[in-house]
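Student: First the structure, then my questions, so here it is.
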Amino acid sequence: MTTAIAPPGKGRVVRAAGSVVRAAGLAPAIGEVVLVGERGLLGEVIRLEADVATIQVYEETAGLRIGDPVTATGRPLVAWLGPGHLGATFDGLERPLDRLAAAGAVHLAAGRAGDASAIDVDRPVGLDLDRRWAFVPSHSPGDRVGPGDVLGEVRDGPIRHRILVPPDVGPGTVRDIAPADATVETQVGLLALDDGSTVPVRLAHAWPVRRPRPVVRRLAVERPLVTGQRVLDMLFPVAEGGTAVIPGGFGTGKTVVEQALARWSDADVVVYVGCGERGNEMAELLATFPALADPRTGGPLLARTVLIANTSNMPVAAREASVQVGMTIAEYFRDQGLRVALLADSTSRWAEALREIGGRLEELPGEEGYPAYLGSRLAAFYERAGRAVAVGGPERTGSVTLVAAVSPPGGDFSEPVTQASLRLGGTLWALQTDLAHARHFPAIGWTQSYSLYLDALGPWYAANVDRDWATLRATAIELLARERVLLDVVALVGADAIPDGDKVVLEVARLVREAFLQQHAFDPRDASRPPRVQVALLRAVLAAEGGLGRAIEGGATLEAALAAPVLEELARAKTWTGEDVVVRLADLERRVGQLTAATAVDTTESTGPGAEP
Amino acid sequence: MRLSSVRLTGVERIAGPIIVVRRVADMALGEEVEVVGPADRRHGRVLEVTEDLAVIQVYEGTFVLEAGATTIEPSGEPFRLGVSVSMLGRALDGRGRPIDDGPPIIADELADVAGAPMNPAARDNPVDFIETGITAIDMLASLVRGQKLPIFTGAGLPANDLAARIAVGSRLIGDERFVTVFCAMGVTRREADEFRDAFASSASIERIAVFLNLADDPAIERLLAPRCALTLGEHLAFDLGLDVLAVMTDVLAYGEALRELSTAREEIPGRRGYPGYLYTDLATLFERAGRLRGRRGSLTVVPVVSMPDDDITHPIPDLTGYITEGQIVLARDLHGRGVEPPIDVLLCLSRVMNAGIGAGRTREEHRVVADQLYASYARGRELRRLVTVVGEAALSPAEHRILAFADAFEDAFVGQGPARRTLDESFDAAWAVLRTLPRSELRRLPQEVLDARYPETRP
Ligand SMILES: Nc1ncnc2c1ncn2[C@@H]1O[C@H](COP(=O)(O)OP(=O)(O)OP(=O)(O)O)[C@@H](O)[C@H]1O
Ligand SMILES: [Mg+2]
């Protein structure tokens with residue numbers, strides 16, 4: 001088989017501590033999967049010295065003894081790729097958590113000692129082995145095929161799931177292929193390769209999780225991953241095929257952003273990796289997703305989603321596997337010609353797993369105890385994102401957009417994982433603890449955050465959203481920057497001491513923050529907004545600068561101008577719904593821009609309906 | 001249960017809470033052992049095995065043990081706690097042995113205290129609102145069945161008192177009460193007694209199991225005590241279908257015990273000397289909270305976490321916050337001003353609140369009322385800061401109203417005093433302070449809610 005390394009060998013445990021075990025008597029390869037102890041705990045060889053192999057074990061090691069058997073499998077750690085991922089939940093090793101739960105496994109036992117959670121390195125047990133798929137071939141016997149070519153397809157929820165020649169197989173000739181009511185293991189065809197060997201065609205194939213799946217060529221980004229979140233789509237967009245980093249202290253909203261993207265972003269497939277985070281967050285996704293509709297297809301949202309749940313109390317080594325498994329599945333869907341969003345929450349927990357394993361290896365630690373290779377590991381991971389032309393025909397273009405949460409200790413961004421991630425990510429969504437405490441959500445700071453994709457995406461926005469998007473965006477950012485400077489002044493001399501024009505800037509900036517940037521994830525009317533509605537609201541908010549300025553020039557006091565009912569409308573406009581909301585917002589923009597002294601409300605009287613223009 | 005009668009006499013090295021022994025062919029990782037010294041028997045756990053050595057952590061410490069005169073007796077299995085519903089009403093030590101005058105405990109079953117991770121796909125989403133009787137919590141950071149919600153506190157602040165009030169006062173809608181598993185980790189006897197007295201005075205003493213590892217008890221046993229408490233909690237919740245509240249105090253002392261052990265093992269220290277696996281270790285405690293689909297009970301965990309020097313970025317509160325589903329934070333200045341309980345709501349959060357509130361659970365307008373209270377209070381606090389620089393005179397009339405709101409919010413809404421408030425009473429308290437603001441200030445409240453709850457003609 002293509003992924004084999006060497007014939008299996010037998011060894012024994014000579015040392016064990018935590019998730020690191022040493023074994024003698026094996027002659028494995030680095031990266032080879034081994035089964036440790038009587039229960040066959042899954043492990044991976046990470047170091048070789050003379051006769052001793054060091055193994056990181058992905059499962060709980062309590063109970064291991066010196067002399068316990070260790071069996072090499074001859075394989076690297078693989079993900080099984082085929083139909084059946086969509087709508088399902090896996091752990092970091094691609095074990096089917098939902099099916100295990102249905103079979104009564106409420107707690108996860110270690111090892112493969114006969115129970116349902118058995119991991120079989122030779123069979124795609126993560127995929128439902130009993131489920132049947134209607135395979136429709138697109139080739140006939142005698143056709144020439146090469147690596148990555150589409151051999152046929154099955155229907156997998158909302159997508160046409162293409163069955164590919166594995167990218168490292170071929171070229172050759174189709175000897176045999178036929179429509180079939182097949183499981184992922186059924187042989188639906190046979191390829192005769194040019195080297196004289198034959199390879200059976202099945203719906204699922206294995207791919208080593210640490211090896212990026214090849215592509216023909218990488219493509220430049222050209223459109224955003226539309227998220228429905230105003231602060232992201234309007235101010236700091238991430239490109240489809242790009243990478244975004246979300247660092248933030250605890251409780252600042254990383255998971256809420258990741259989940260919003262899982263719900264509302266316009267990806268074809270979402271791979272959500274909960275890495276070292278909470279079990280209840282996964283339960284929440286599982287409880288709410290079935291009732292939600294896919295924003296593009298109208299089908300059930302879960303049907304485009306793959307969940308990988310490696311919670312914080314599971315053995316640490318598997319955290320590292322979980323992000324690689326997630327990435328490999330994402331690449332596989334990319335190779336189908338789909339737009340995939342890989343949402344990883346949180347990559348810090350993965351980095352900490354590297355640190356913990358490194359510590360047990362007695363490696364010389366780098367900064368804050370992280371191994372010196374932290375940066376290169378992260379880089380290798382980020383590099384797997386991107387837009388690309390897939391290997392094989394017919395030609396397919398797909399993408400993996402990576403959105404990685406980072407959990408800096410103490411919320412301090414100067415720590416190694418955040419810093420290494422910032423060097424790699426194209427967009428930064430910097431979550432600020434002070435904004436979260438002030439309940440400004442999403443708590444994405446506008447001074448620190450950035451998007452390196454603005455120029456690349458400008459034409460798309462101009463053509464699809466608003467030809468003035470770049471200018472409007474710049475205006476909003478500049479307004480917020482002026483607010484910052486002015487607030488410093490106010491803190492020194494008081495609000496009374498600054499000129500009216502500056503007071504207007506402060507008020508409009510406040511509107512930008514409260515009426516535009518703040519977006520309530522739990523308000524069904526506002527949780528997600530299409531870009532055209534977003535930009536219409538932004539226009540209406542920015543129109544307040546002209547309107548308020550004119551009202552004050554005309555002799556109104558600022559308080560009176562601010563009490564104009566149209567501003568009250570503006571403050572609530574983000575919850576407007578309905579078909580005509582863009583039109584209504586355009587009308588609001590006009591009315592806000594036409595504020596005059598006459599529309600100002602004398603606030604010394606009790607509130608009543610103000611004079612409309 | 002002694003499966004093996006092997007006695008190992010080759011103690012190689014004794015350092016802090018660690019013993020290194022020779023000839024260990026038959027010891028398993030994580031196995032429980034007895035450490036027999038000249039004067040007493042102690043307990044240990046195997047942390048590491050090599051071909052000729054084993055590293056053992058000794059819960060009672062190694063003080064006055066001598067290498068020559070110490071032997072090790074393996075048990076052949078990990079430490080298991082005999083769990084039983086009859087532990088309710090009892091006082092137990094950090095290993096779950098009775099320390100009161102009651103009869104011996106007959107175990108329903110033996111359970112490995114390390115626990116096994118819950119299958120995330122078998123979890124039930126926490127959605128059932130718990131009425132704690134504490135207004136700031138019920139209205140703004142609601143506790144939900146199966147949640148883990150810590151109380152962050154500083155030296156001298158009444159966190160244990162608040163935890164006891166939550167434990168005694170918590171009700172599910174429909175008036176069902178909780179049983180409590182209390183675990184003292186390194187607190188003083190006075191603090192533990194205060195907690196017990198709170199139960200005794202509410203006649204709830206038969207609803208609580210108390211695990212005590214006090215400040216003068218062996219430090220390393222602190223690593224075991226919460227695992228025992230949670231193991232009992234899981235039994236009561238998932239085998240017997242009870243709603244269980246586990247209160248654990250103080251996580252800081254737990255973390256310090258872990259640091260002591262890590263230092264003795266000469267591991268590479270992380271932040272402030274705590275081991276790099278602190279996050280994972282704490283997660284193996286707190287993640288045991290939850291509910292399981294198709295089962296009745298629940299385990300809700302309320303740890304108390306001291307912030308050294310009131311520093312919320314200290315690794316213990318910081319990592320706790322990264323694991324738990326929100327936090328309740330006590331503030332020194334509120335305490336100083338007599339606000340009781342002194343909860344700083346701006347720092348508080350309940351991440352699962354949203355699923356637990358609203359129509360059919362609490363009240364339809366719960367979310368927007370909470371948002372409005374937060375927004376106005378946050379603005380009041382901001383203005384207070386400003387006033388210290390520019391003086392009150394510089395504020396507009398509207399800003400003065402917000403300042404007054406912030407005061408009323410702290411004194412009347414948060415500062416409820418010793419009385420328990422029902423949810424209705426808490427909502428009344430919320431509207432009472434909201435009505436001090438004009439309607440135009442209440443932009444987070446939809447018109448319908450305002451029309452229903454804030455009549456135009458106000459008193
Ligand atoms: N857009 C939003 N709208 C409303 N509330 C929000 C929003 N974003 C965050 N919050 C609030 O902040 C809380 C914390 O968010 P979240 O759980 O995403 O934090 P986090 O950064 O993932 O924290 P941790 O690192 O501890 O996992 C949420 O439970 C919610 O109450
Ligand atoms: Mg999170």
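Residue numbering restarts at 1 in every chain; chains get A, B, ... in the order shown in the structure tokens, and ligands count up from 1 in that same order.
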Just need the residues of chain B within 7 Å of chain A, counting only C-alpha atoms, so spit them out as a PyMOL selection string.

Tutor: chain B and resi 25-31+47-51+116-125+268+270+276-277+280+283-284+287+313+318+321-323+326+346-347+375+378+386+389-390+394

Student: Please, which residues of region 157-262 of chain B, numbered as in this document, come out strand (DSSP E or B) from DSSP, as a PyMOL selection string?

Tutor: chain B and resi 171-172+177+179-187+208-214+243-249

Student: Neighbouring residues of Glu425 (chain B) were defined as those with any atom within 12 Å, considering only C-alpha atoms; residues of the same chain fewer than 3 positions away were excluded. Please report them as an MDAnalysis selection string.

Tutor: chainID B and resid 131 133:136 138:139 412:413 416 419:422 428:432

Student: Take the residues from that selection and write them out as an mmCIF file, in the first residue's frame, keeping N, CA, C and O atoms.

Tutor:
```cif
data_model
loop_
_atom_site.group_PDB
_atom_site.id
_atom_site.type_symbol
_atom_site.label_atom_id
_atom_site.label_comp_id
_atom_site.auth_asym_id
_atom_site.auth_seq_id
_atom_site.Cartn_x
_atom_site.Cartn_y
_atom_site.Cartn_z
ATOM 1 N N GLU B 131 -31.536 28.832 39.680
ATOM 2 C CA GLU B 131 -31.745 30.048 40.456
ATOM 3 C C GLU B 131 -30.896 29.955 41.719
ATOM 4 O O GLU B 131 -31.174 29.154 42.607
ATOM 5 N N GLY B 133 -30.302 32.493 43.741
ATOM 6 C CA GLY B 133 -30.739 33.437 44.762
ATOM 7 C C GLY B 133 -29.837 34.650 44.861
ATOM 8 O O GLY B 133 -30.110 35.568 45.640
ATOM 9 N N ILE B 134 -28.769 34.669 44.085
ATOM 10 C CA ILE B 134 -27.859 35.819 44.060
ATOM 11 C C ILE B 134 -28.207 36.630 42.806
ATOM 12 O O ILE B 134 -28.021 36.160 41.675
ATOM 13 N N THR B 135 -28.674 37.839 42.985
ATOM 14 C CA THR B 135 -29.191 38.623 41.860
ATOM 15 C C THR B 135 -28.155 38.836 40.758
ATOM 16 O O THR B 135 -28.446 38.650 39.575
ATOM 17 N N ALA B 136 -26.950 39.242 41.144
ATOM 18 C CA ALA B 136 -25.944 39.539 40.119
ATOM 19 C C ALA B 136 -25.670 38.310 39.267
ATOM 20 O O ALA B 136 -25.461 38.412 38.056
ATOM 21 N N ASP B 138 -27.816 35.513 38.943
ATOM 22 C CA ASP B 138 -29.016 35.053 38.233
ATOM 23 C C ASP B 138 -29.361 35.944 37.045
ATOM 24 O O ASP B 138 -29.783 35.466 36.001
ATOM 25 N N MET B 139 -29.148 37.252 37.207
ATOM 26 C CA MET B 139 -29.524 38.163 36.132
ATOM 27 C C MET B 139 -28.430 38.285 35.064
ATOM 28 O O MET B 139 -28.724 38.427 33.896
ATOM 29 N N ALA B 412 -28.198 48.745 45.338
ATOM 30 C CA ALA B 412 -29.501 48.105 45.470
ATOM 31 C C ALA B 412 -29.622 46.816 44.659
ATOM 32 O O ALA B 412 -30.310 45.893 45.052
ATOM 33 N N PHE B 413 -28.950 46.782 43.513
ATOM 34 C CA PHE B 413 -29.122 45.615 42.632
ATOM 35 C C PHE B 413 -28.127 44.517 43.008
ATOM 36 O O PHE B 413 -28.512 43.413 43.385
ATOM 37 N N GLN B 416 -27.426 43.015 47.516
ATOM 38 C CA GLN B 416 -28.694 42.540 48.045
ATOM 39 C C GLN B 416 -28.624 42.191 49.522
ATOM 40 O O GLN B 416 -29.652 41.946 50.146
ATOM 41 N N ALA B 419 -30.116 38.448 52.219
ATOM 42 C CA ALA B 419 -31.377 37.804 51.825
ATOM 43 C C ALA B 419 -31.246 37.100 50.483
ATOM 44 O O ALA B 419 -30.562 37.576 49.586
ATOM 45 N N ARG B 420 -31.924 35.969 50.352
ATOM 46 C CA ARG B 420 -32.002 35.291 49.063
ATOM 47 C C ARG B 420 -33.080 35.958 48.231
ATOM 48 O O ARG B 420 -34.127 36.318 48.736
ATOM 49 N N ARG B 421 -32.806 36.139 46.927
ATOM 50 C CA ARG B 421 -33.833 36.721 46.068
ATOM 51 C C ARG B 421 -34.303 35.696 45.049
ATOM 52 O O ARG B 421 -33.474 35.041 44.419
ATOM 53 N N THR B 422 -35.611 35.609 44.874
ATOM 54 C CA THR B 422 -36.115 34.777 43.782
ATOM 55 C C THR B 422 -35.815 35.483 42.471
ATOM 56 O O THR B 422 -35.477 36.668 42.455
ATOM 57 N N ASP B 428 -37.329 42.445 39.507
ATOM 58 C CA ASP B 428 -37.850 43.695 40.064
ATOM 59 C C ASP B 428 -36.717 44.647 40.402
ATOM 60 O O ASP B 428 -36.775 45.846 40.125
ATOM 61 N N ALA B 429 -35.661 44.087 40.994
ATOM 62 C CA ALA B 429 -34.517 44.928 41.354
ATOM 63 C C ALA B 429 -33.894 45.529 40.095
ATOM 64 O O ALA B 429 -33.462 46.682 40.081
ATOM 65 N N ALA B 430 -33.877 44.734 39.012
ATOM 66 C CA ALA B 430 -33.304 45.227 37.752
ATOM 67 C C ALA B 430 -34.126 46.390 37.214
ATOM 68 O O ALA B 430 -33.584 47.450 36.861
ATOM 69 N N TRP B 431 -35.444 46.212 37.177
ATOM 70 C CA TRP B 431 -36.277 47.287 36.630
ATOM 71 C C TRP B 431 -36.251 48.519 37.523
ATOM 72 O O TRP B 431 -36.314 49.648 37.039
ATOM 73 N N ALA B 432 -36.135 48.293 38.817
ATOM 74 C CA ALA B 432 -36.088 49.443 39.717
ATOM 75 C C ALA B 432 -34.909 50.345 39.385
ATOM 76 O O ALA B 432 -35.035 51.573 39.370
#
```

Student: When you look at Ile106 (chain B) with a cut-off of 10 Å (counting only C-alpha atoms), what residues show up, excluding the ones that are within fewer than 4 positions of it in the same chain? I need them as a list in words.

Tutor: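 Those residues are Gly82, Val83, Ser84, Val85, Ser86 and Met87 of chain B.
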
Student: Measure the distance from CA of Ile329 (chain A) to CA of Asp128 (chain A) in Å and round it to one decimal.

Tutor: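 Atom-to-atom, CA of Ile329 (chain A) to CA of Asp128 (chain A), that is 15.7 Å.
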
Student: Per residue of region 42-124 of chain A within 9 Å of region 206-220 of chain A, record the nearest atom pair and its distance in Å to one decimal, counting only C-alpha atoms, with rows in chain order and ascending residue number, as a tab-separated table.

Tutor:
```
residue	atom	partner	partner_atom	distance
A:Arg75	CA	A:Pro208	CA	8.6
A:Pro76	CA	A:Pro208	CA	6.0
A:Leu77	CA	A:Pro208	CA	5.6
A:Val78	CA	A:Pro208	CA	4.1
A:Ala79	CA	A:Trp207	CA	5.5
A:Trp80	CA	A:Ala206	CA	4.4
A:Leu81	CA	A:Ala206	CA	6.0
A:Gly82	CA	A:Ala206	CA	8.8
A:Asp122	CA	A:Ala206	CA	9.0
A:Arg123	CA	A:Ala206	CA	9.0
A:Pro124	CA	A:Ala206	CA	7.9
```
